[in-house]
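Chemist: Please find final.tsv (TSV, C-alpha atoms (C1' of nucleotides)) on the next line:
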chain	number	residue	atom	x	y	z
A	471	MET	CA	-3.89	-30.15	-11.15
A	472	GLU	CA	-4.31	-31.21	-7.58
A	473	PHE	CA	-6.95	-30.09	-5.14
A	474	LYS	CA	-4.97	-27.52	-3.20
A	475	GLU	CA	-3.73	-25.87	-6.35
A	476	ALA	CA	-7.20	-25.81	-7.87
A	477	LYS	CA	-8.73	-24.34	-4.73
A	478	ASN	CA	-6.11	-21.64	-4.60
A	479	LYS	CA	-6.56	-20.82	-8.25
A	480	PHE	CA	-10.29	-20.52	-7.76
A	481	VAL	CA	-9.95	-18.23	-4.76
A	482	GLN	CA	-7.45	-16.00	-6.53
A	483	THR	CA	-9.56	-15.80	-9.68
A	484	TRP	CA	-12.69	-14.96	-7.75
A	485	GLY	CA	-10.78	-12.27	-5.91
A	486	ALA	CA	-9.53	-10.72	-9.14
A	487	LEU	CA	-12.98	-10.85	-10.70
A	488	GLY	CA	-14.41	-9.19	-7.62
A	489	SER	CA	-11.94	-6.31	-7.90
A	490	GLN	CA	-12.98	-5.66	-11.46
A	491	TRP	CA	-16.58	-5.37	-10.34
A	492	GLY	CA	-15.90	-3.00	-7.50
A	493	ILE	CA	-15.75	-5.57	-4.73
A	494	ASN	CA	-12.74	-5.62	-2.50
A	495	LYS	CA	-10.40	-8.47	-3.30
A	496	THR	CA	-10.25	-9.97	0.17
A	497	MET	CA	-14.02	-9.90	0.47
A	498	ALA	CA	-14.35	-11.84	-2.77
A	499	GLN	CA	-11.64	-14.27	-1.72
A	500	ILE	CA	-13.24	-15.00	1.62
A	501	HIS	CA	-16.51	-15.56	-0.16
A	502	ALA	CA	-14.85	-17.90	-2.66
A	503	LEU	CA	-13.20	-19.83	0.14
A	504	LEU	CA	-16.46	-20.31	2.00
A	505	MET	CA	-18.34	-21.23	-1.17
A	506	VAL	CA	-16.17	-24.24	-1.80
A	507	SER	CA	-15.83	-25.32	1.82
A	508	ASN	CA	-18.10	-28.16	2.75
A	509	GLU	CA	-18.17	-27.08	6.35
A	510	ALA	CA	-18.14	-23.81	8.26
A	511	VAL	CA	-14.72	-22.18	8.64
A	512	SER	CA	-13.35	-20.28	11.63
A	513	MET	CA	-11.82	-16.85	11.44
A	514	GLU	CA	-8.47	-18.35	12.38
A	515	ASP	CA	-8.60	-20.67	9.41
A	516	ILE	CA	-9.63	-17.93	7.02
A	517	MET	CA	-6.73	-15.79	8.23
A	518	GLU	CA	-4.39	-18.71	7.82
A	519	GLU	CA	-5.57	-19.76	4.36
A	520	LEU	CA	-5.65	-16.28	2.88
A	521	GLN	CA	-2.71	-14.91	4.89
A	522	ILE	CA	-4.60	-11.88	6.12
A	523	SER	CA	-4.84	-10.08	9.44
A	524	ARG	CA	-7.55	-10.55	12.03
A	525	GLY	CA	-8.90	-7.06	11.45
A	526	ASN	CA	-9.16	-7.60	7.74
A	527	ALA	CA	-10.94	-10.92	8.17
A	528	SER	CA	-13.33	-9.47	10.71
A	529	MET	CA	-14.29	-6.45	8.63
A	530	ASN	CA	-14.78	-8.34	5.42
A	531	LEU	CA	-16.80	-11.07	7.08
A	532	ARG	CA	-19.03	-8.37	8.52
A	533	ALA	CA	-19.45	-6.87	5.04
A	534	LEU	CA	-20.32	-10.26	3.57
A	535	MET	CA	-22.91	-10.78	6.28
A	536	ASP	CA	-24.33	-7.32	5.58
A	537	TRP	CA	-24.75	-8.41	1.99
A	538	GLY	CA	-26.62	-11.44	3.33
A	539	ILE	CA	-24.43	-13.96	1.55
A	540	VAL	CA	-22.40	-15.26	4.49
A	541	TYR	CA	-23.76	-16.57	7.76
A	542	LYS	CA	-22.37	-17.08	11.24
A	543	GLU	CA	-22.60	-20.52	12.69
A	544	TYR	CA	-22.00	-21.78	16.19
A	545	LYS	CA	-20.67	-25.20	16.94
A	546	ALA	CA	-21.68	-26.93	20.16
A	547	GLY	CA	-18.93	-26.82	22.72
A	548	GLU	CA	-16.84	-24.38	20.68
A	549	ARG	CA	-16.41	-20.84	21.82
A	550	LYS	CA	-15.42	-19.34	18.51
A	551	GLU	CA	-17.59	-18.48	15.55
A	552	PHE	CA	-17.68	-20.25	12.22
A	553	PHE	CA	-18.76	-18.92	8.87
A	554	THR	CA	-20.54	-20.38	5.86
A	555	ALA	CA	-21.50	-18.90	2.51
A	556	GLU	CA	-24.85	-19.07	0.80
A	557	LYS	CA	-24.23	-21.92	-1.58
A	558	ASP	CA	-27.41	-21.84	-3.62
A	559	LEU	CA	-26.35	-19.81	-6.63
A	560	ASP	CA	-29.83	-18.59	-7.52
A	561	GLU	CA	-30.25	-17.35	-4.00
A	562	LEU	CA	-26.81	-15.75	-4.17
A	563	ALA	CA	-27.71	-13.93	-7.38
A	564	VAL	CA	-30.97	-12.69	-5.87
A	565	LYS	CA	-29.23	-11.30	-2.82
A	566	ILE	CA	-26.45	-9.64	-4.74
A	567	SER	CA	-28.81	-7.94	-7.14
A	568	ARG	CA	-31.12	-6.85	-4.35
A	569	GLU	CA	-28.26	-5.26	-2.47
A	570	ARG	CA	-26.68	-3.58	-5.45
A	571	SER	CA	-30.07	-2.26	-6.46
A	572	LYS	CA	-30.73	-0.90	-3.00
A	573	ARG	CA	-27.28	0.58	-2.48
A	574	GLU	CA	-26.44	1.89	-5.91
A	575	ILE	CA	-29.22	1.79	-8.48
A	576	LYS	CA	-32.01	3.27	-6.38
A	577	PRO	CA	-29.95	6.29	-5.29
A	578	ALA	CA	-28.79	6.82	-8.87
A	579	LEU	CA	-32.40	6.70	-10.07
A	580	LYS	CA	-33.32	9.36	-7.57
A	581	ILE	CA	-30.68	11.71	-8.95
A	582	LEU	CA	-31.63	10.87	-12.53
A	583	LYS	CA	-35.22	11.80	-11.79
A	584	GLU	CA	-34.13	15.05	-10.23
A	585	VAL	CA	-31.90	16.18	-13.06
A	586	SER	CA	-34.25	15.04	-15.80
A	587	THR	CA	-37.08	17.17	-14.51
A	588	ILE	CA	-35.52	20.61	-14.75
A	589	GLU	CA	-37.34	22.98	-17.05
A	590	ALA	CA	-35.59	22.74	-20.37
A	591	LYS	CA	-36.03	26.32	-21.57
A	592	ASP	CA	-35.59	26.63	-25.29
A	593	SER	CA	-31.94	25.87	-26.07
A	594	ALA	CA	-31.23	22.67	-27.98
A	595	GLU	CA	-28.53	21.88	-25.46
A	596	GLU	CA	-30.93	21.82	-22.54
A	597	GLN	CA	-33.58	20.01	-24.55
A	598	HIS	CA	-31.13	17.27	-25.30
A	599	PHE	CA	-30.04	17.01	-21.69
A	600	VAL	CA	-33.57	16.53	-20.45
A	601	ASP	CA	-34.38	14.11	-23.22
A	602	GLN	CA	-31.29	11.98	-22.69
A	603	THR	CA	-31.46	11.84	-18.89
A	604	SER	CA	-35.17	10.98	-19.10
A	605	LYS	CA	-34.39	8.10	-21.41
A	606	LEU	CA	-31.64	7.00	-19.09
A	607	TYR	CA	-33.99	7.11	-16.15
A	608	ASP	CA	-36.52	4.93	-17.96
A	609	PHE	CA	-33.83	2.56	-19.10
A	610	VAL	CA	-32.23	2.10	-15.70
A	611	LEU	CA	-35.64	1.69	-14.08
A	612	LYS	CA	-36.62	-0.94	-16.63
A	613	ALA	CA	-33.34	-2.81	-16.25
A	614	ASP	CA	-33.62	-2.72	-12.48
A	615	ASN	CA	-37.16	-4.09	-12.57
A	616	MET	CA	-36.24	-6.72	-15.08
A	617	LEU	CA	-33.44	-7.97	-12.87
A	618	ASP	CA	-35.88	-8.11	-10.02
A	619	LYS	CA	-38.39	-10.09	-12.06
A	620	MET	CA	-35.74	-12.43	-13.33
A	621	THR	CA	-34.50	-13.28	-9.88
A	622	GLU	CA	-38.09	-13.76	-8.79
A	623	PHE	CA	-38.49	-16.47	-11.40
A	624	ASN	CA	-35.27	-18.03	-10.31
A	625	ASP	CA	-34.55	-21.48	-11.58
A	626	ASN	CA	-37.25	-22.10	-14.11
A	627	TRP	CA	-37.67	-18.46	-15.05
A	628	LEU	CA	-38.45	-19.03	-18.66
A	629	GLY	CA	-41.21	-21.52	-18.00
A	630	LYS	CA	-42.82	-19.44	-15.31
A	631	LEU	CA	-42.54	-16.34	-17.44
A	632	VAL	CA	-44.40	-18.02	-20.25
A	633	MET	CA	-47.07	-19.17	-17.79
A	634	LYS	CA	-47.48	-15.65	-16.50
A	635	ILE	CA	-47.75	-14.21	-19.99
A	636	MET	CA	-50.29	-16.85	-21.05
A	637	LYS	CA	-52.80	-16.43	-18.28
B	410	MET	CA	-32.33	23.45	-10.19
B	411	GLU	CA	-30.80	25.10	-13.21
B	412	PHE	CA	-29.17	23.44	-16.18
B	413	LYS	CA	-25.53	23.80	-15.23
B	414	GLU	CA	-26.15	22.48	-11.75
B	415	ALA	CA	-28.17	19.54	-13.08
B	416	LYS	CA	-25.53	18.67	-15.63
B	417	ASN	CA	-22.82	18.73	-13.01
B	418	LYS	CA	-24.85	16.62	-10.63
B	419	PHE	CA	-25.45	14.07	-13.35
B	420	VAL	CA	-21.77	13.86	-14.30
B	421	GLN	CA	-20.70	13.50	-10.67
B	422	THR	CA	-23.31	10.84	-9.95
B	423	TRP	CA	-22.42	8.85	-13.03
B	424	GLY	CA	-18.77	9.03	-12.02
B	425	ALA	CA	-19.49	7.77	-8.53
B	426	LEU	CA	-21.68	4.96	-9.85
B	427	GLY	CA	-18.92	3.98	-12.24
B	428	SER	CA	-16.39	3.71	-9.42
B	429	GLN	CA	-18.63	1.34	-7.54
B	430	TRP	CA	-18.79	-0.89	-10.57
B	431	GLY	CA	-15.07	-0.97	-11.17
B	432	ILE	CA	-14.93	1.77	-13.80
B	433	ASN	CA	-12.57	4.63	-13.23
B	434	LYS	CA	-14.33	7.77	-12.15
B	435	THR	CA	-12.98	10.04	-14.86
B	436	MET	CA	-13.87	7.56	-17.56
B	437	ALA	CA	-17.45	7.44	-16.33
B	438	GLN	CA	-17.57	11.22	-16.05
B	439	ILE	CA	-16.31	11.78	-19.57
B	440	HIS	CA	-18.87	9.30	-20.78
B	441	ALA	CA	-21.62	11.05	-18.86
B	442	LEU	CA	-20.58	14.40	-20.25
B	443	LEU	CA	-20.63	13.15	-23.83
B	444	MET	CA	-23.93	11.36	-23.33
B	445	VAL	CA	-25.75	14.56	-22.50
B	446	SER	CA	-23.97	16.77	-25.01
B	447	ASN	CA	-25.95	17.39	-28.14
B	448	GLU	CA	-22.82	17.90	-30.16
B	449	ALA	CA	-19.31	16.49	-30.26
B	450	VAL	CA	-16.94	17.89	-27.64
B	451	SER	CA	-13.23	18.64	-28.01
B	452	MET	CA	-10.57	17.39	-25.63
B	453	GLU	CA	-9.97	20.98	-24.52
B	454	ASP	CA	-13.58	21.35	-23.48
B	455	ILE	CA	-13.62	18.01	-21.67
B	456	MET	CA	-10.49	19.03	-19.74
B	457	GLU	CA	-12.05	22.35	-18.92
B	458	GLU	CA	-15.45	21.01	-17.84
B	459	LEU	CA	-14.07	18.18	-15.72
B	460	GLN	CA	-10.95	20.01	-14.58
B	461	ILE	CA	-8.61	17.21	-15.58
B	462	SER	CA	-5.24	17.05	-17.26
B	463	ARG	CA	-4.62	16.45	-20.95
B	464	GLY	CA	-3.04	13.06	-20.27
B	465	ASN	CA	-5.97	11.93	-18.22
B	466	ALA	CA	-8.46	13.01	-20.86
B	467	SER	CA	-6.48	11.35	-23.62
B	468	MET	CA	-6.11	8.02	-21.85
B	469	ASN	CA	-9.70	7.76	-20.75
B	470	LEU	CA	-11.04	8.75	-24.14
B	471	ARG	CA	-8.90	6.00	-25.64
B	472	ALA	CA	-10.35	3.53	-23.12
B	473	LEU	CA	-13.90	4.61	-23.93
B	474	MET	CA	-13.21	4.14	-27.62
B	475	ASP	CA	-11.76	0.70	-26.92
B	476	TRP	CA	-15.04	-0.14	-25.24
B	477	GLY	CA	-16.74	1.01	-28.42
B	478	ILE	CA	-19.00	3.51	-26.68
B	479	VAL	CA	-17.31	6.75	-27.69
B	480	TYR	CA	-16.39	7.84	-31.19
B	481	LYS	CA	-13.99	10.33	-32.71
B	482	GLU	CA	-15.40	12.92	-35.01
B	483	TYR	CA	-13.73	15.38	-37.31
B	484	LYS	CA	-15.18	18.74	-38.10
B	485	ALA	CA	-14.51	20.30	-41.48
B	486	GLY	CA	-11.89	22.99	-41.28
B	487	GLU	CA	-10.99	22.15	-37.67
B	488	ARG	CA	-7.69	20.57	-36.87
B	489	LYS	CA	-8.60	19.10	-33.52
B	490	GLU	CA	-10.64	16.01	-32.77
B	491	PHE	CA	-14.08	15.90	-31.30
B	492	PHE	CA	-15.77	13.12	-29.38
B	493	THR	CA	-19.31	11.81	-29.11
B	494	ALA	CA	-20.83	9.01	-27.04
B	495	GLU	CA	-23.08	6.25	-28.22
B	496	LYS	CA	-26.42	7.69	-27.24
B	497	ASP	CA	-28.70	4.76	-28.01
B	498	LEU	CA	-29.02	3.11	-24.62
B	499	ASP	CA	-29.85	-0.34	-25.94
B	500	GLU	CA	-26.77	-0.20	-28.11
B	501	LEU	CA	-24.77	1.03	-25.13
B	502	ALA	CA	-25.95	-1.89	-23.01
B	503	VAL	CA	-25.09	-4.36	-25.74
B	504	LYS	CA	-21.58	-3.02	-26.09
B	505	ILE	CA	-20.90	-2.88	-22.39
B	506	SER	CA	-22.08	-6.42	-21.80
B	507	ARG	CA	-20.16	-7.72	-24.81
B	508	GLU	CA	-16.96	-6.14	-23.56
B	509	ARG	CA	-17.35	-7.22	-19.96
B	510	SER	CA	-18.14	-10.71	-21.10
B	511	LYS	CA	-15.11	-10.85	-23.34
B	512	ARG	CA	-12.71	-9.27	-20.86
B	513	GLU	CA	-13.88	-10.73	-17.59
B	514	ILE	CA	-16.50	-13.45	-17.81
B	515	LYS	CA	-14.93	-15.58	-20.53
B	516	PRO	CA	-11.52	-15.75	-18.81
B	517	ALA	CA	-13.21	-16.56	-15.50
B	518	LEU	CA	-15.18	-19.35	-17.16
B	519	LYS	CA	-11.97	-20.81	-18.49
B	520	ILE	CA	-10.51	-21.01	-14.99
B	521	LEU	CA	-13.76	-22.37	-13.57
B	522	LYS	CA	-13.72	-25.15	-16.12
B	523	GLU	CA	-10.14	-25.96	-15.28
B	524	VAL	CA	-10.59	-26.16	-11.54
B	525	SER	CA	-13.91	-27.97	-11.72
B	526	THR	CA	-12.45	-30.83	-13.70
B	527	ILE	CA	-9.81	-32.06	-11.29
B	528	GLU	CA	-10.28	-35.64	-10.19
B	529	ALA	CA	-12.15	-35.46	-6.95
B	530	LYS	CA	-10.65	-38.47	-5.16
B	531	ASP	CA	-12.82	-39.67	-2.32
B	532	SER	CA	-12.75	-36.96	0.36
B	533	ALA	CA	-16.01	-35.10	0.96
B	534	GLU	CA	-14.04	-31.88	0.84
B	535	GLU	CA	-12.83	-32.48	-2.70
B	536	GLN	CA	-16.20	-33.79	-3.80
B	537	HIS	CA	-17.82	-30.60	-2.62
B	538	PHE	CA	-15.25	-28.46	-4.35
B	539	VAL	CA	-15.81	-30.12	-7.70
B	540	ASP	CA	-19.56	-30.05	-7.26
B	541	GLN	CA	-19.71	-26.40	-6.30
B	542	THR	CA	-17.31	-25.12	-8.95
B	543	SER	CA	-19.15	-27.15	-11.60
B	544	LYS	CA	-22.42	-25.57	-10.58
B	545	LEU	CA	-20.79	-22.19	-10.64
B	546	TYR	CA	-19.45	-22.84	-14.12
B	547	ASP	CA	-22.91	-23.77	-15.36
B	548	PHE	CA	-24.47	-20.82	-13.65
B	549	VAL	CA	-22.04	-18.24	-14.98
B	550	LEU	CA	-22.26	-19.72	-18.46
B	551	LYS	CA	-26.04	-19.58	-18.36
B	552	ALA	CA	-26.08	-16.02	-17.07
B	553	ASP	CA	-23.57	-14.95	-19.71
B	554	ASN	CA	-25.62	-16.50	-22.49
B	555	MET	CA	-28.82	-15.06	-21.15
B	556	LEU	CA	-27.38	-11.57	-21.16
B	557	ASP	CA	-26.29	-12.12	-24.71
B	558	LYS	CA	-29.76	-13.28	-25.73
B	559	MET	CA	-31.40	-10.42	-23.94
B	560	THR	CA	-29.32	-7.80	-25.66
B	561	GLU	CA	-30.07	-9.52	-28.93
B	562	PHE	CA	-33.76	-8.91	-28.36
B	563	ASN	CA	-33.00	-5.32	-27.51
B	564	ASP	CA	-35.88	-2.93	-27.35
B	565	ASN	CA	-38.92	-5.08	-27.42
B	566	TRP	CA	-37.29	-8.16	-25.94
B	567	LEU	CA	-40.34	-9.45	-24.16
B	568	GLY	CA	-42.54	-9.33	-27.22
B	569	LYS	CA	-39.98	-10.93	-29.46
B	570	LEU	CA	-39.23	-13.56	-26.85
B	571	VAL	CA	-42.88	-14.53	-26.66
B	572	MET	CA	-43.02	-14.71	-30.46
B	573	LYS	CA	-40.05	-16.98	-30.52
B	574	ILE	CA	-41.51	-19.24	-27.87
B	575	MET	CA	-44.90	-19.41	-29.62
B	576	LYS	CA	-43.74	-20.41	-33.05
C	746	DT	C1'	11.27	20.76	-44.78
C	747	DT	C1'	9.68	23.21	-41.34
C	748	DA	C1'	6.75	24.55	-37.88
C	749	DA	C1'	2.37	24.98	-35.85
C	750	DA	C1'	-1.35	22.44	-33.88
C	751	DC	C1'	-2.51	18.93	-32.15
C	752	DT	C1'	-2.38	13.95	-29.40
C	753	DT	C1'	-0.07	10.27	-26.93
C	754	DT	C1'	3.00	8.31	-23.65
C	755	DC	C1'	4.83	7.32	-19.28
C	756	DA	C1'	7.62	8.12	-15.04
C	757	DA	C1'	6.71	10.49	-11.01
C	758	DA	C1'	3.33	12.38	-7.74
C	759	DA	C1'	-1.04	12.39	-5.64
C	760	DA	C1'	-5.20	10.40	-4.29
C	761	DT	C1'	-7.75	6.56	-2.83
C	762	DA	C1'	-8.55	2.13	-0.94
C	763	DA	C1'	-7.18	-1.82	1.66
C	764	DT	C1'	-4.69	-3.78	5.43
C	765	DT	C1'	-2.51	-4.21	9.78
C	766	DG	C1'	-2.21	-4.87	14.66
C	767	DA	C1'	-2.88	-3.64	19.14
C	768	DA	C1'	-6.17	-1.72	22.32
C	769	DA	C1'	-10.90	-1.85	23.49
C	770	DG	C1'	-14.99	-4.46	23.64
C	771	DT	C1'	-17.82	-8.64	24.37
C	772	DT	C1'	-19.22	-13.11	25.86
C	773	DT	C1'	-18.97	-17.23	28.57
C	774	DG	C1'	-17.67	-20.34	32.24
C	775	DT	C1'	-16.34	-20.76	36.97
D	579	DA	C1'	-16.75	-10.68	39.93
D	580	DC	C1'	-12.98	-12.32	37.35
D	581	DA	C1'	-10.40	-13.84	33.62
D	582	DA	C1'	-9.94	-16.49	29.52
D	583	DA	C1'	-11.32	-16.71	24.84
D	584	DC	C1'	-12.83	-14.65	21.65
D	585	DT	C1'	-14.29	-10.40	18.15
D	586	DT	C1'	-14.43	-5.58	16.79
D	587	DT	C1'	-12.66	-1.09	16.01
D	588	DC	C1'	-9.82	2.35	14.08
D	589	DA	C1'	-5.55	5.24	13.56
D	590	DA	C1'	-1.52	4.45	11.21
D	591	DT	C1'	0.72	2.12	7.50
D	592	DT	C1'	1.01	0.01	3.08
D	593	DA	C1'	-0.57	-1.11	-1.46
D	594	DT	C1'	-3.03	0.07	-5.46
D	595	DT	C1'	-4.99	3.05	-8.66
D	596	DT	C1'	-5.41	7.32	-10.77
D	597	DT	C1'	-3.71	11.64	-12.31
D	598	DT	C1'	-0.41	14.88	-13.80
D	599	DG	C1'	2.57	17.30	-17.00
D	600	DA	C1'	6.18	17.67	-19.89
D	601	DA	C1'	8.67	15.33	-23.51
D	602	DA	C1'	8.03	12.70	-27.54
D	603	DG	C1'	5.17	11.69	-31.34
D	604	DT	C1'	2.03	12.74	-35.19
D	605	DT	C1'	-0.37	15.19	-38.71
D	606	DT	C1'	-1.28	18.98	-41.67
D	607	DA	C1'	-0.42	23.08	-44.34
D	608	DA	C1'	2.50	26.11	-46.57
So, in terms of structure tokens, how does the structure I just supplied come out?

Modeler:
Amino acid sequence: MEFKEAKNKFVQTWGALGSQWGINKTMAQIHALLMVSNEAVSMEDIMEELQISRGNASMNLRALMDWGIVYKEYKAGERKEFFTAEKDLDELAVKISRERSKREIKPALKILKEVSTIEAKDSAEEQHFVDQTSKLYDFVLKADNMLDKMTEFNDNWLGKLVMKIMK
Amino acid sequence: MEFKEAKNKFVQTWGALGSQWGINKTMAQIHALLMVSNEAVSMEDIMEELQISRGNASMNLRALMDWGIVYKEYKAGERKEFFTAEKDLDELAVKISRERSKREIKPALKILKEVSTIEAKDSAEEQHFVDQTSKLYDFVLKADNMLDKMTEFNDNWLGKLVMKIMK
DNA sequence: TTAAACTTTCAAAAATAATTGAAAGTTTGT
DNA sequence: ACAAACTTTCAATTATTTTTGAAAGTTTAA
């Protein structure tokens, strides 16, 4: 396999994977492209490489910047803007989980808390509802916190975790 | 808030959350409904509660069973089938991560390995590509394994982890 | 074997999400 | 202040995904 083919395969695969996880395909593709580019890429070049419109490129770059995983860069003497991706994978993971937590998990937790705190009356049906949603609330909260802790430990998470437990 | 309202809110929220994570809304809603039902529910009742067609119910129930998180149940004397969800949340998490790993992560890893092992020639561009995709391969592999380990430890993962480290 | 009571399948329709492209907006240099 | 060189916005279009519903399939009981 030659470079161009490999690069294309990677970008396509990343795009497909993104779709399956609820991330728009183009957004994932742009991100993939920037991840494997050793220097910042202009909007023109992104449009050209991925065969997408200016509007599409603009909107998805904005979204990626909102997620905090793509940055604008300015080159001296050049009028146009260039873009780079966060290339440190630990940092990338931290940012993605922070954002997903903020945007999706936290709001879901709020609802879970609400619905799990209705008065259950006496019926087994309502008892079970309260019980199950309470458990779900605890579980999601725990998972969310765990993810947060894990990203905090980053690279050497296991070692640091042990240290923290020891002391 | 009364029971019916709470139940509906929960089902809707779970459906919306599912969409954002690449799971079809109805599938997530059916799952939510079964999760908080204290007894097995018939297809009729699912259709009625969620206001969906028979075909839709059938296909999404099949998908949920393929994921291993919903089971068929037969009631004595009744001709029709009833459905229940896996209600143990740890078990649910294990099954979901196993399936997503098998369906999405493993195939992605295969491609990552492929593209990261091209010969990099001399150009900085190609060097960077190989370097970055290799790192990504390692990272995804590590994350996938970690998730597997974590689910293995289940409930009291922290405690058991410490035990394992100690001995 | 027949028919009633179910479930599954899948082509067509509907709903949703992504994309385009041109007009409007912004920034920079002269 | 002007205009060139860009970027952003958003209504309309296109693509993708989901849903429907009726026909086909299956199972059970008599």

Chemist: Which residues of range 502-598 of chain A come within 9 Å of range 605-620 of chain A, and for each one, what is the closest pair of atoms and their distance in Å to one decimal, counting all atoms listed in the file, sorted by chain and residue number, as a Markdown table?

Modeler:
| residue | atom | partner | partner_atom | distance |
| --- | --- | --- | --- | --- |
| A:Val564 | CA | A:Asp618 | CA | 7.9 |
| A:Ser567 | CA | A:Leu617 | CA | 7.4 |
| A:Arg568 | CA | A:Asp618 | CA | 7.5 |
| A:Ser571 | CA | A:Asp614 | CA | 7.0 |
| A:Ile575 | CA | A:Asp614 | CA | 7.5 |
| A:Lys576 | CA | A:Leu611 | CA | 8.7 |
| A:Ala578 | CA | A:Tyr607 | CA | 9.0 |
| A:Leu579 | CA | A:Tyr607 | CA | 6.3 |
| A:Lys580 | CA | A:Tyr607 | CA | 8.9 |
| A:Leu582 | CA | A:Tyr607 | CA | 5.7 |
| A:Lys583 | CA | A:Tyr607 | CA | 6.5 |
| A:Ser586 | CA | A:Tyr607 | CA | 7.9 |

Chemist: If we count only C-alpha atoms (C1' of nucleotides), which residues of chain A reach to within 8 Å of chain D? Please list them as a list in words.

Modeler: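 Written out as asked, the residues are Gly525, Ser528, Arg549 and Lys550 of chain A.
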
Chemist: Would you compute the distance between CA of Met436 in chain B and CA of Arg471 in chain B? Give it in Å to one decimal.

Modeler: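 Between CA of Met436 in chain B and CA of Arg471 in chain B the gap works out to 9.6 Å.
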
Chemist: By how many Å are C1' of DT754 in chain C and CA of Asn469 in chain B apart?

Modeler: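 Rounded to one decimal, the two atoms are 13.0 Å apart.
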
Chemist: Return as an NGL selection string the residues belonging to chain C that are within 10 Å of chain B, counting only C-alpha atoms (C1' of nucleotides).

Modeler: :C and (750-755)

Chemist: Return as a Markdown table the residues of chain A lying at most 6 Å from chain B, together with the closest atom-to-atom pair for each and the distance in Å to one decimal, counting all atoms listed in the file, with rows in chain order and ascending residue number.

Modeler:
| residue | atom | partner | partner_atom | distance |
| --- | --- | --- | --- | --- |
| A:Ala476 | CA | B:Val524 | CA | 5.0 |
| A:Gln490 | CA | B:Gly431 | CA | 5.1 |
| A:Trp491 | CA | B:Gly431 | CA | 4.7 |
| A:Gly492 | CA | B:Gly431 | CA | 4.3 |
| A:Val506 | CA | B:Phe538 | CA | 5.0 |
| A:Asn508 | CA | B:Glu534 | CA | 5.8 |
| A:Val585 | CA | B:Ala415 | CA | 5.0 |
| A:Glu595 | CA | B:Asn447 | CA | 5.8 |
| A:His598 | CA | B:Asn447 | CA | 5.9 |
| A:Phe599 | CA | B:Val445 | CA | 5.0 |
